[in-house]
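Engineer: Structure: query-v5.cif, mmCIF, C-alpha atoms.
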data_protein
loop_
_atom_site.label_atom_id
_atom_site.label_comp_id
_atom_site.auth_asym_id
_atom_site.auth_seq_id
_atom_site.Cartn_x
_atom_site.Cartn_y
_atom_site.Cartn_z
CA MET A 1 0.00 0.00 0.00
CA LEU A 2 1.36 3.40 -1.00
CA LYS A 3 1.60 6.07 1.68
CA ILE A 4 0.58 9.46 0.31
CA ASN A 5 0.79 12.63 2.37
CA MET A 6 -1.48 15.46 1.19
CA LEU A 7 -0.39 19.01 2.01
CA SER A 8 -3.10 21.61 1.50
CA ALA A 9 -4.64 24.79 2.85
CA ALA A 10 -7.12 24.90 -0.06
CA ASP A 11 -10.15 24.46 2.18
CA LYS A 12 -9.16 27.27 4.56
CA VAL A 13 -10.60 30.01 2.29
CA ALA A 14 -14.27 29.62 1.37
CA GLY A 15 -15.55 30.02 -2.16
CA GLN A 16 -12.51 28.69 -4.03
CA GLY A 17 -12.67 26.06 -6.75
CA VAL A 18 -9.24 24.86 -5.63
CA GLY A 19 -10.74 23.87 -2.29
CA SER A 20 -13.62 22.01 -3.95
CA ALA A 21 -11.22 20.12 -6.22
CA TYR A 22 -9.04 19.16 -3.24
CA LEU A 23 -11.95 17.92 -1.13
CA GLU A 24 -13.35 15.93 -4.06
CA LEU A 25 -10.00 14.20 -4.61
CA ILE A 26 -9.55 13.32 -0.94
CA ARG A 27 -13.08 11.89 -0.76
CA LEU A 28 -12.54 9.91 -3.97
CA LEU A 29 -9.23 8.35 -2.91
CA LYS A 30 -10.40 7.52 0.60
CA THR A 31 -13.45 5.68 -0.72
CA ARG A 32 -12.56 4.14 -4.07
CA ASN A 33 -8.80 3.63 -3.56
CA LYS A 34 -8.64 2.88 0.16
CA LYS A 35 -7.24 -0.63 -0.37
CA THR A 36 -4.16 0.57 -2.25
CA LEU A 37 -3.54 4.12 -1.01
CA ASP A 38 -2.91 5.16 2.60
CA ILE A 39 -3.80 8.87 2.74
CA SER A 40 -2.57 11.27 5.43
CA ILE A 41 -3.30 14.99 5.50
CA ASN A 42 -0.99 17.83 6.52
CA LYS A 43 1.43 15.71 8.53
CA LEU A 44 5.19 15.86 8.81
CA THR A 45 5.59 12.19 8.07
CA LYS A 46 7.60 9.82 5.90
CA ALA A 47 5.71 9.02 2.71
CA ASP A 48 6.13 7.41 -0.68
CA ILE A 49 4.57 10.49 -2.24
CA THR A 50 3.97 13.98 -0.89
CA HIS A 51 1.29 15.76 -2.89
CA TYR A 52 1.35 19.57 -2.55
CA HIS A 53 -2.08 21.07 -3.33
CA THR A 54 -1.21 24.65 -2.38
CA ILE A 55 1.99 26.69 -2.34
CA ASN A 56 2.08 27.88 1.27
CA PHE A 57 5.56 28.84 2.43
CA PRO A 58 5.78 26.16 5.18
CA TYR A 59 5.22 23.59 2.43
CA PHE A 60 8.04 25.13 0.41
CA LEU A 61 10.35 24.59 3.38
CA MET A 62 9.11 21.02 3.79
CA SER A 63 10.03 20.28 0.18
CA PHE A 64 13.70 20.27 1.22
CA LEU A 65 13.08 17.17 3.38
CA LYS A 66 13.41 14.92 0.36
CA LYS A 67 14.04 11.64 2.19
CA LYS A 68 10.94 12.08 4.31
CA ALA A 69 8.76 13.47 1.51
CA GLY A 70 9.51 10.80 -1.07
CA ARG A 71 8.37 11.65 -4.59
CA GLN A 72 7.10 15.25 -4.54
CA ILE A 73 4.05 16.10 -6.65
CA GLY A 74 2.83 19.66 -7.17
CA TYR A 75 -0.75 20.48 -8.16
CA VAL A 76 -0.82 23.47 -10.53
CA HIS A 77 -4.06 25.42 -10.08
CA PHE A 78 -2.67 28.70 -11.39
CA LEU A 79 0.30 30.26 -13.14
CA PRO A 80 1.88 33.66 -12.46
CA GLU A 81 -0.04 35.19 -15.39
CA THR A 82 -3.41 34.03 -14.03
CA LEU A 83 -2.89 36.09 -10.87
CA ASP A 84 -3.37 39.29 -12.86
CA GLY A 85 -6.81 40.72 -12.15
CA SER A 86 -7.30 38.47 -9.12
CA ILE A 87 -5.39 40.01 -6.24
CA LYS A 88 -4.05 43.48 -5.63
CA LEU A 89 -0.52 43.85 -4.26
CA PRO A 90 2.17 46.55 -4.59
CA PRO A 91 4.06 45.95 -7.89
CA PHE A 92 7.30 44.85 -6.18
CA ALA A 93 5.43 42.39 -3.91
CA PHE A 94 3.45 41.04 -6.87
CA ALA A 95 6.66 40.47 -8.82
CA ILE A 96 8.24 38.62 -5.89
CA PHE A 97 5.14 36.47 -5.41
CA LYS A 98 5.09 35.48 -9.08
CA ARG A 99 8.74 34.41 -8.86
CA TYR A 100 7.94 32.43 -5.72
CA VAL A 101 5.17 30.56 -7.54
CA MET A 102 7.59 29.28 -10.17
CA ALA A 103 10.28 28.56 -7.55
CA PHE A 104 7.77 26.35 -5.75
CA TYR A 105 6.83 24.46 -8.91
CA ARG A 106 10.50 23.90 -9.75
CA ARG A 107 11.02 22.30 -6.33
CA MET A 108 8.66 19.48 -7.35
CA ASP A 109 9.66 16.19 -8.94
CA HIS A 110 6.50 16.22 -11.04
CA LEU A 111 3.58 18.58 -11.69
CA VAL A 112 -0.10 17.85 -12.30
CA VAL A 113 -2.17 20.32 -14.31
CA VAL A 114 -5.96 20.36 -14.51
CA ASN A 115 -5.97 21.76 -18.03
CA PRO A 116 -3.78 20.67 -20.98
CA ASP A 117 -3.26 24.31 -21.96
CA PHE A 118 -1.23 24.78 -18.78
CA LYS A 119 1.14 22.02 -19.76
CA LEU A 120 2.26 24.03 -22.78
CA LYS A 121 2.61 27.19 -20.70
CA LEU A 122 4.72 25.45 -18.08
CA MET A 123 6.95 24.05 -20.80
CA ALA A 124 7.38 27.60 -22.12
CA LEU A 125 8.50 28.56 -18.61
CA GLY A 126 11.20 25.89 -18.65
CA ILE A 127 9.54 22.85 -17.07
CA PRO A 128 10.36 19.65 -19.04
CA GLU A 129 7.40 18.01 -20.76
CA ASP A 130 8.00 14.62 -19.11
CA GLU A 131 7.65 16.26 -15.69
CA ILE A 132 4.06 17.40 -16.32
CA THR A 133 0.86 15.31 -16.37
CA PHE A 134 -2.66 16.43 -17.20
CA ILE A 135 -5.38 15.03 -14.91
CA PRO A 136 -8.76 16.78 -15.09
CA ASN A 137 -11.05 17.73 -12.23
CA PHE A 138 -14.25 15.82 -11.49
CA VAL A 139 -17.26 15.97 -9.16
CA ALA A 140 -19.22 13.39 -7.21
CA LYS A 141 -22.59 12.54 -8.73
CA ALA A 142 -23.84 11.87 -5.20
CA GLN A 143 -23.41 15.57 -4.40
CA PHE A 144 -24.23 17.22 -7.71
CA TYR A 145 -27.20 15.82 -9.63
CA GLU A 146 -30.48 16.88 -11.21
CA GLU A 147 -33.11 17.38 -8.53
CA ASP A 148 -36.81 16.65 -8.85
CA GLU A 149 -39.30 19.35 -9.79
CA ALA A 150 -40.64 19.72 -6.24
CA THR A 151 -37.16 20.45 -4.90
CA LYS A 152 -36.51 22.93 -7.69
CA ALA A 153 -39.83 24.67 -6.93
CA ALA A 154 -38.87 24.94 -3.25
CA THR A 155 -35.53 26.55 -4.17
CA ARG A 156 -37.25 29.05 -6.45
CA ALA A 157 -39.69 29.92 -3.66
CA LYS A 158 -36.78 30.40 -1.25
CA TYR A 159 -35.37 33.10 -3.51
CA ASN A 160 -38.77 34.59 -4.41
CA LEU A 161 -38.43 33.48 -8.03
CA LYS A 162 -41.42 32.68 -10.25
CA SER A 163 -41.79 29.37 -12.04
CA ASP A 164 -41.44 31.08 -15.43
CA ASP A 165 -38.45 33.30 -14.54
CA PHE A 166 -35.49 32.80 -16.87
CA ILE A 167 -32.51 32.42 -14.53
CA VAL A 168 -28.90 33.11 -15.46
CA LEU A 169 -26.45 31.80 -12.85
CA GLY A 170 -22.84 32.86 -12.47
CA ALA A 171 -20.37 31.75 -9.81
CA GLY A 172 -16.89 32.37 -8.49
CA GLN A 173 -14.91 34.99 -6.68
CA ILE A 174 -16.05 38.52 -7.46
CA GLN A 175 -13.17 39.91 -9.47
CA GLU A 176 -12.36 41.35 -12.88
CA ARG A 177 -10.75 38.14 -14.17
CA LYS A 178 -14.04 36.29 -13.73
CA GLY A 179 -15.80 38.63 -16.15
CA PHE A 180 -17.97 39.97 -13.33
CA ASP A 181 -18.39 43.35 -15.03
CA ASP A 182 -19.84 41.73 -18.15
CA PHE A 183 -22.21 39.67 -16.01
CA VAL A 184 -23.61 42.79 -14.35
CA GLU A 185 -23.87 44.66 -17.67
CA LEU A 186 -25.74 41.75 -19.23
CA ALA A 187 -28.21 41.90 -16.35
CA LYS A 188 -28.79 45.60 -16.98
CA GLU A 189 -29.38 44.91 -20.67
CA ASN A 190 -31.86 42.10 -19.94
CA PRO A 191 -34.28 43.28 -17.22
CA LEU A 192 -36.72 40.43 -17.98
CA MET A 193 -34.13 37.83 -16.94
CA GLN A 194 -33.09 37.05 -13.36
CA PHE A 195 -29.34 37.00 -12.70
CA ILE A 196 -27.70 35.30 -9.69
CA TRP A 197 -23.98 35.36 -8.86
CA ALA A 198 -22.91 32.91 -6.16
CA GLY A 199 -19.58 33.91 -4.67
CA GLY A 200 -17.89 36.71 -2.84
CA PHE A 201 -14.57 38.22 -1.83
CA SER A 202 -12.51 35.25 -0.72
CA PHE A 203 -9.42 37.46 -0.42
CA GLY A 204 -11.25 40.42 1.12
CA LYS A 205 -9.69 43.81 0.45
CA LEU A 206 -6.79 42.18 -1.41
CA THR A 207 -9.24 41.48 -4.24
CA ASP A 208 -8.40 43.61 -7.25
CA GLY A 209 -11.16 46.25 -7.58
CA TYR A 210 -12.62 45.43 -4.16
CA GLU A 211 -14.13 48.85 -3.37
CA ARG A 212 -15.84 49.18 -6.76
CA TYR A 213 -17.26 45.66 -6.69
CA LYS A 214 -18.40 46.01 -3.10
CA LYS A 215 -20.59 48.97 -4.14
CA ILE A 216 -22.18 46.89 -6.91
CA VAL A 217 -22.95 44.03 -4.53
CA GLU A 218 -24.46 46.39 -1.98
CA ASN A 219 -26.56 48.23 -4.61
CA PRO A 220 -27.24 45.71 -7.39
CA PRO A 221 -29.55 46.10 -10.40
CA LYS A 222 -33.12 45.03 -9.56
CA ASN A 223 -32.82 41.75 -11.42
CA VAL A 224 -29.53 40.69 -9.82
CA PHE A 225 -29.17 38.74 -6.59
CA PHE A 226 -25.93 38.09 -4.71
CA PRO A 227 -26.32 35.25 -2.15
CA GLY A 228 -22.60 35.49 -1.30
CA ILE A 229 -20.40 32.45 -0.74
CA VAL A 230 -22.75 29.46 -0.49
CA ASP A 231 -22.21 25.90 0.70
CA ARG A 232 -22.26 23.00 -1.75
CA GLU A 233 -25.85 21.96 -1.07
CA GLU A 234 -27.15 25.47 -1.72
CA MET A 235 -24.97 25.70 -4.81
CA ARG A 236 -26.53 22.51 -6.16
CA GLY A 237 -29.97 24.03 -5.66
CA LEU A 238 -29.01 27.16 -7.61
CA GLN A 239 -27.45 25.11 -10.39
CA ASN A 240 -30.66 23.12 -10.69
CA ILE A 241 -33.02 26.09 -11.04
CA ALA A 242 -30.81 27.94 -13.53
CA ASP A 243 -31.84 27.97 -17.18
CA VAL A 244 -28.21 28.54 -18.08
CA PHE A 245 -24.91 28.76 -16.22
CA LEU A 246 -22.82 31.68 -17.49
CA LEU A 247 -19.11 31.97 -16.74
CA PRO A 248 -17.70 35.00 -18.59
CA SER A 249 -14.14 34.57 -17.22
CA TYR A 250 -11.17 35.90 -19.17
CA SER A 251 -8.85 33.34 -17.58
CA GLU A 252 -9.57 29.91 -16.09
CA LEU A 253 -8.12 26.46 -15.49
CA PHE A 254 -10.84 23.82 -15.34
CA PRO A 255 -13.63 25.43 -13.28
CA MET A 256 -15.23 23.09 -10.76
CA THR A 257 -18.47 25.03 -11.13
CA VAL A 258 -18.67 23.97 -14.77
CA LEU A 259 -18.41 20.29 -13.85
CA GLU A 260 -20.84 20.69 -10.94
CA THR A 261 -23.38 22.44 -13.18
CA ALA A 262 -22.97 19.84 -15.93
CA SER A 263 -23.67 17.13 -13.37
CA CYS A 264 -26.96 18.93 -12.60
CA GLY A 265 -27.91 18.85 -16.29
CA THR A 266 -27.89 22.62 -16.77
CA PRO A 267 -26.75 24.24 -20.07
CA ILE A 268 -23.36 25.95 -19.89
CA MET A 269 -22.33 29.21 -21.56
CA LEU A 270 -18.66 30.24 -21.52
CA ARG A 271 -16.43 32.91 -22.92
CA ASP A 272 -14.78 30.90 -25.69
CA LEU A 273 -11.28 30.60 -24.26
CA GLU A 274 -8.73 28.44 -26.04
CA LEU A 275 -8.19 26.35 -22.93
CA TYR A 276 -11.74 24.97 -23.15
CA HIS A 277 -11.23 23.65 -26.67
CA GLY A 278 -9.37 20.54 -25.64
CA ILE A 279 -11.64 19.59 -22.74
CA LEU A 280 -15.17 20.79 -23.53
CA GLN A 281 -15.20 21.39 -27.30
CA GLY A 282 -18.71 21.39 -28.75
CA GLN A 283 -20.38 20.79 -25.39
CA TYR A 284 -20.99 24.37 -24.28
CA ILE A 285 -22.44 27.59 -25.69
CA ALA A 286 -19.35 29.42 -26.89
CA CYS A 287 -19.31 33.23 -26.87
CA ALA A 288 -16.55 35.49 -28.14
CA ASP A 289 -17.63 38.54 -26.12
CA LYS A 290 -20.43 40.16 -24.13
CA ALA A 291 -22.41 41.03 -27.25
CA GLN A 292 -22.51 37.37 -28.26
CA MET A 293 -23.48 36.35 -24.73
CA ASN A 294 -26.39 38.76 -24.93
CA GLU A 295 -27.44 37.38 -28.30
CA LYS A 296 -27.28 33.74 -27.21
CA LEU A 297 -29.00 34.32 -23.87
CA ASN A 298 -31.96 35.79 -25.75
CA ALA A 299 -31.89 32.92 -28.23
CA LEU A 300 -32.19 30.47 -25.32
CA LEU A 301 -35.02 32.51 -23.83
CA LYS A 302 -36.98 32.41 -27.09
CA ASN A 303 -36.15 28.82 -28.08
CA PRO A 304 -36.61 26.28 -25.26
CA GLU A 305 -35.64 23.50 -27.70
CA GLU A 306 -32.13 24.94 -27.86
CA LYS A 307 -31.92 24.65 -24.10
CA LEU A 308 -32.70 20.93 -24.32
CA VAL A 309 -29.84 20.47 -26.79
CA TYR A 310 -27.30 21.95 -24.38
CA LYS A 311 -28.85 20.13 -21.44
CA GLN A 312 -27.89 16.90 -23.20
CA LYS A 313 -24.41 18.24 -23.86
CA ALA A 314 -24.06 19.04 -20.16
CA ASN A 315 -24.90 15.42 -19.38
CA GLU A 316 -22.15 14.35 -21.80
CA ILE A 317 -19.62 16.50 -19.91
CA ALA A 318 -20.66 14.87 -16.63
CA LYS A 319 -20.15 11.37 -18.05
CA LYS A 320 -16.75 12.26 -19.52
CA TYR A 321 -15.38 13.53 -16.21
CA SER A 322 -16.91 10.92 -13.91
CA GLU A 323 -15.29 9.86 -10.65
CA GLU A 324 -15.10 6.24 -11.84
CA LYS A 325 -12.69 7.19 -14.61
CA LEU A 326 -10.65 9.57 -12.49
CA SER A 327 -10.23 7.04 -9.68
CA GLN A 328 -8.30 4.74 -11.99
CA ILE A 329 -6.31 7.60 -13.53
CA TRP A 330 -5.08 8.76 -10.11
CA GLU A 331 -4.31 5.20 -9.01
CA THR A 332 -2.15 4.59 -12.07
CA PHE A 333 -0.43 7.97 -11.75
CA TYR A 334 0.55 7.47 -8.11
CA GLN A 335 1.81 3.94 -8.72
CA GLU A 336 4.00 5.13 -11.62
CA GLN A 337 5.37 8.05 -9.60
CA ALA A 338 6.18 5.78 -6.64
CA LYS A 339 8.27 3.55 -8.91
CA MET A 340 10.24 6.58 -10.09
CA LYS A 341 11.11 7.40 -6.48
CA LYS A 342 13.16 4.20 -6.30
CA ILE A 343 15.10 4.84 -9.51
#
Would you put the structure from the file into structure tokens?
Structural biologist:
Amino acid sequence: MLKINMLSAADKVAGQGVGSAYLELIRLLKTRNKKTLDISINKLTKADITHYHTINFPYFLMSFLKKKAGRQIGYVHFLPETLDGSIKLPPFAFAIFKRYVMAFYRRMDHLVVVNPDFKLKLMALGIPEDEITFIPNFVAKAQFYEEDEATKAATRAKYNLKSDDFIVLGAGQIQERKGFDDFVELAKENPLMQFIWAGGFSFGKLTDGYERYKKIVENPPKNVFFPGIVDREEMRGLQNIADVFLLPSYSELFPMTVLETASCGTPIMLRDLELYHGILQGQYIACADKAQMNEKLNALLKNPEEKLVYKQKANEIAKKYSEEKLSQIWETFYQEQAKMKKI
């Protein structure tokens, strides 16, 4: 049995997809792979593999204990360039932090990326191709699924929504990178639709544009509701009552909210970023810009049949990134990495 030590602070800050991905992986391995993998969490212990989920400085120091750590695996949830538009730091501090990010990744024996696009970008930054593996995110069908009509009706009533309201759901940290400004503008341009953004300021005042976005949240357009950071059960309810999930982000990895929403059978609309092409091609409503989002939202409103088409495509996404498949992928990956430790 392989001993794997997980190091993570991903679940310490609410409202982060990184935390959801981490918790999903731990649950998966402890249930489906418990006979072959012995999982410990945040311990200073001897292991075959130490898997770093976040880049906290104490973990960086621990990476020097090579004999105790065994094979060191780093989980890449962001690159220096993806920090732009997310957090606000003085320029010199931001530059130092970006260098630290890459220094951490270079300490690892192997890196795991959740999007194939990041593999190419890491290679461009000097990481050898054979030291990078793509393993996608996934969600548990037991937690995210299509609810019955009575449950959906109860959720709508909870938020004072009518049965015939056309609901556009967005989610994530409130920041420029997430396309939050476009989401709010689309709401203003479509007063007959109901817009909901689930998420908040996970990094508080360090969030880039915090003061401006705080004013919007406190005084939103009439057809926009901000429930704040919600737990997973409430998120599932929102994903079920939505007519479409809209994520207008300018930069992403492999958003957990997309997989969660797909598992609920809700159509997905995304800004058509190149990184989605290799993982979701043809299975979402692709939009080049806000104008196209506006156009396609109205097309969905007027043509319910179109919504059924993308509901089916959402189900296809859920099947493709099922926990059954990912359980075996992670098992094989860890076994291969453990063998390399002995070489």
Engineer: Distance cut-off 10 Å, centre (-3.5, 41.0, -6.0) in file coordinates, counting only C-alpha atoms: which residues qualify? Return them as number ranges by chain.
Structural biologist: A: 83-91, 93-94, 97, 203, 205-209
Engineer: Taking the file as I've supplied it (selection: the PyMOL selection byres ((chain A and resi 37) around 8)), which residues are included? Please answer as a list of chain:residue names.
Structural biologist: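 This file gives the following for the PyMOL selection byres ((chain A and resi 37) around 8): A:Met1, A:Leu2, A:Lys3, A:Ile4, A:Leu29, A:Lys30, A:Asn33, A:Lys34, A:Lys35, A:Thr36, A:Asp38, A:Ile39.
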Engineer: Please list as a PDB file with C-alpha atoms, in the coordinates of the input every residue within 9 Å of Lys188 (chain A), counting all atoms listed in the file and excluding residues in the same chain fewer than 3 positions away.
Structural biologist:
ATOM      1  CA  PHE A 183     -22.210  39.670 -16.010  1.00  0.00           C
ATOM      2  CA  VAL A 184     -23.610  42.790 -14.350  1.00  0.00           C
ATOM      3  CA  GLU A 185     -23.870  44.660 -17.670  1.00  0.00           C
ATOM      4  CA  PRO A 191     -34.280  43.280 -17.220  1.00  0.00           C
ATOM      5  CA  PRO A 221     -29.550  46.100 -10.400  1.00  0.00           C
ATOM      6  CA  LYS A 222     -33.120  45.030  -9.560  1.00  0.00           C
ATOM      7  CA  ASN A 223     -32.820  41.750 -11.420  1.00  0.00           C
ATOM      8  CA  VAL A 224     -29.530  40.690  -9.820  1.00  0.00           C
TER       9      VAL A 224
END
Engineer: Leaving out Lys119 (chain A) and any residue of its chain fewer than 3 positions from it, which residues lie within 12 Å of it when counting all atoms listed in the file, given as a count of residues only?
Structural biologist: 28
Engineer: Work out how far CA of Glu306 (chain A) is from CA of Ala154 (chain A), in Å to one decimal.
Structural biologist: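 Atom-to-atom, CA of Ala154 (chain A) to CA of Glu306 (chain A), that is 25.5 Å.
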Engineer: Written as JSON, numbers by chain, what is the full residue list that the PyMOL selection byres ((chain A and resi 73) around 9) yields on the file shown?
Structural biologist: {"A": [49, 50, 51, 52, 53, 71, 72, 74, 75, 108, 109, 110, 111, 112, 337]}
Engineer: Can you work out the spacing between CA of Met293 (chain A) and CA of Met269 (chain A) in Å, to one decimal?
Structural biologist: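 So the two atoms, CA of Met293 (chain A) and CA of Met269 (chain A), lie 7.9 Å apart.
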Engineer: What does the PyMOL selection byres ((chain A and resi 233) around 12) select in this file, as a list in words?
Structural biologist: Ala142, Gln143, Phe144, Tyr145, Glu147, Thr155, Ile229, Val230, Asp231, Arg232, Glu234, Met235, Arg236, Gly237, Leu238, Gln239, Asn240, Glu260 and Cys264 of chain A
Engineer: Using all atoms listed in the file, which of A:Glu323, A:Asp182, A:Asp164, A:Glu24 sits nearest Ala10 (chain A)?
Structural biologist: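 Nearest candidate to Ala10 (chain A) out of A:Glu323, A:Asp182, A:Asp164, A:Glu24: A:Glu24.
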Engineer: CA of Met102 (chain A) and CA of Gln335 (chain A), how far apart in Å?
Structural biologist: 26.0 Å
Engineer: Between A:Phe166, A:Tyr310, A:Tyr334, A:Phe138, which has the minimum distance to Asn190 (chain A) (counting all atoms listed in the file)?
Structural biologist: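 Going through A:Phe166, A:Tyr310, A:Tyr334, A:Phe138 one by one, the smallest distance to Asn190 (chain A) is for A:Phe166.
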Engineer: Please determine, counting only C-alpha atoms, which residue among A:Leu326, A:Gly19, A:Asp243, A:Thr45 has the shortest atom-to-atom distance to Asn303 (chain A).
Structural biologist: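 Under the stated criterion, the closest residue is A:Asp243.
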Engineer: Which residues are near Glu316 (chain A)? Cut-off 12 Å, only C-alpha atoms, ignore same chain within fewer than 3 positions. Put them as a list of chain:residue names.
Structural biologist: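 The residues satisfying every condition are A:Leu259, A:Thr261, A:Ala262, A:Ser263, A:Cys264, A:Gly265, A:Thr266, A:Pro267, A:Ile268, A:Ile279, A:Leu280, A:Gln281, A:Gly282, A:Gln283, A:Tyr284, A:Val309, A:Tyr310, A:Lys311, A:Gln312, A:Lys313, A:Lys319, A:Lys320, A:Tyr321, A:Ser322.
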Engineer: Would you compute, for all listed atoms of region 162-179 of chain A, the axis-aligned bounding box grown by 8 Å on each side, and then report its centre and edge lengths in Å rounded to one decimal, as JSON?
Structural biologist:
{"center_x": -26.3, "center_y": 35.4, "center_z": -11.8, "size_x": 47.0, "size_y": 28.0, "size_z": 26.2}
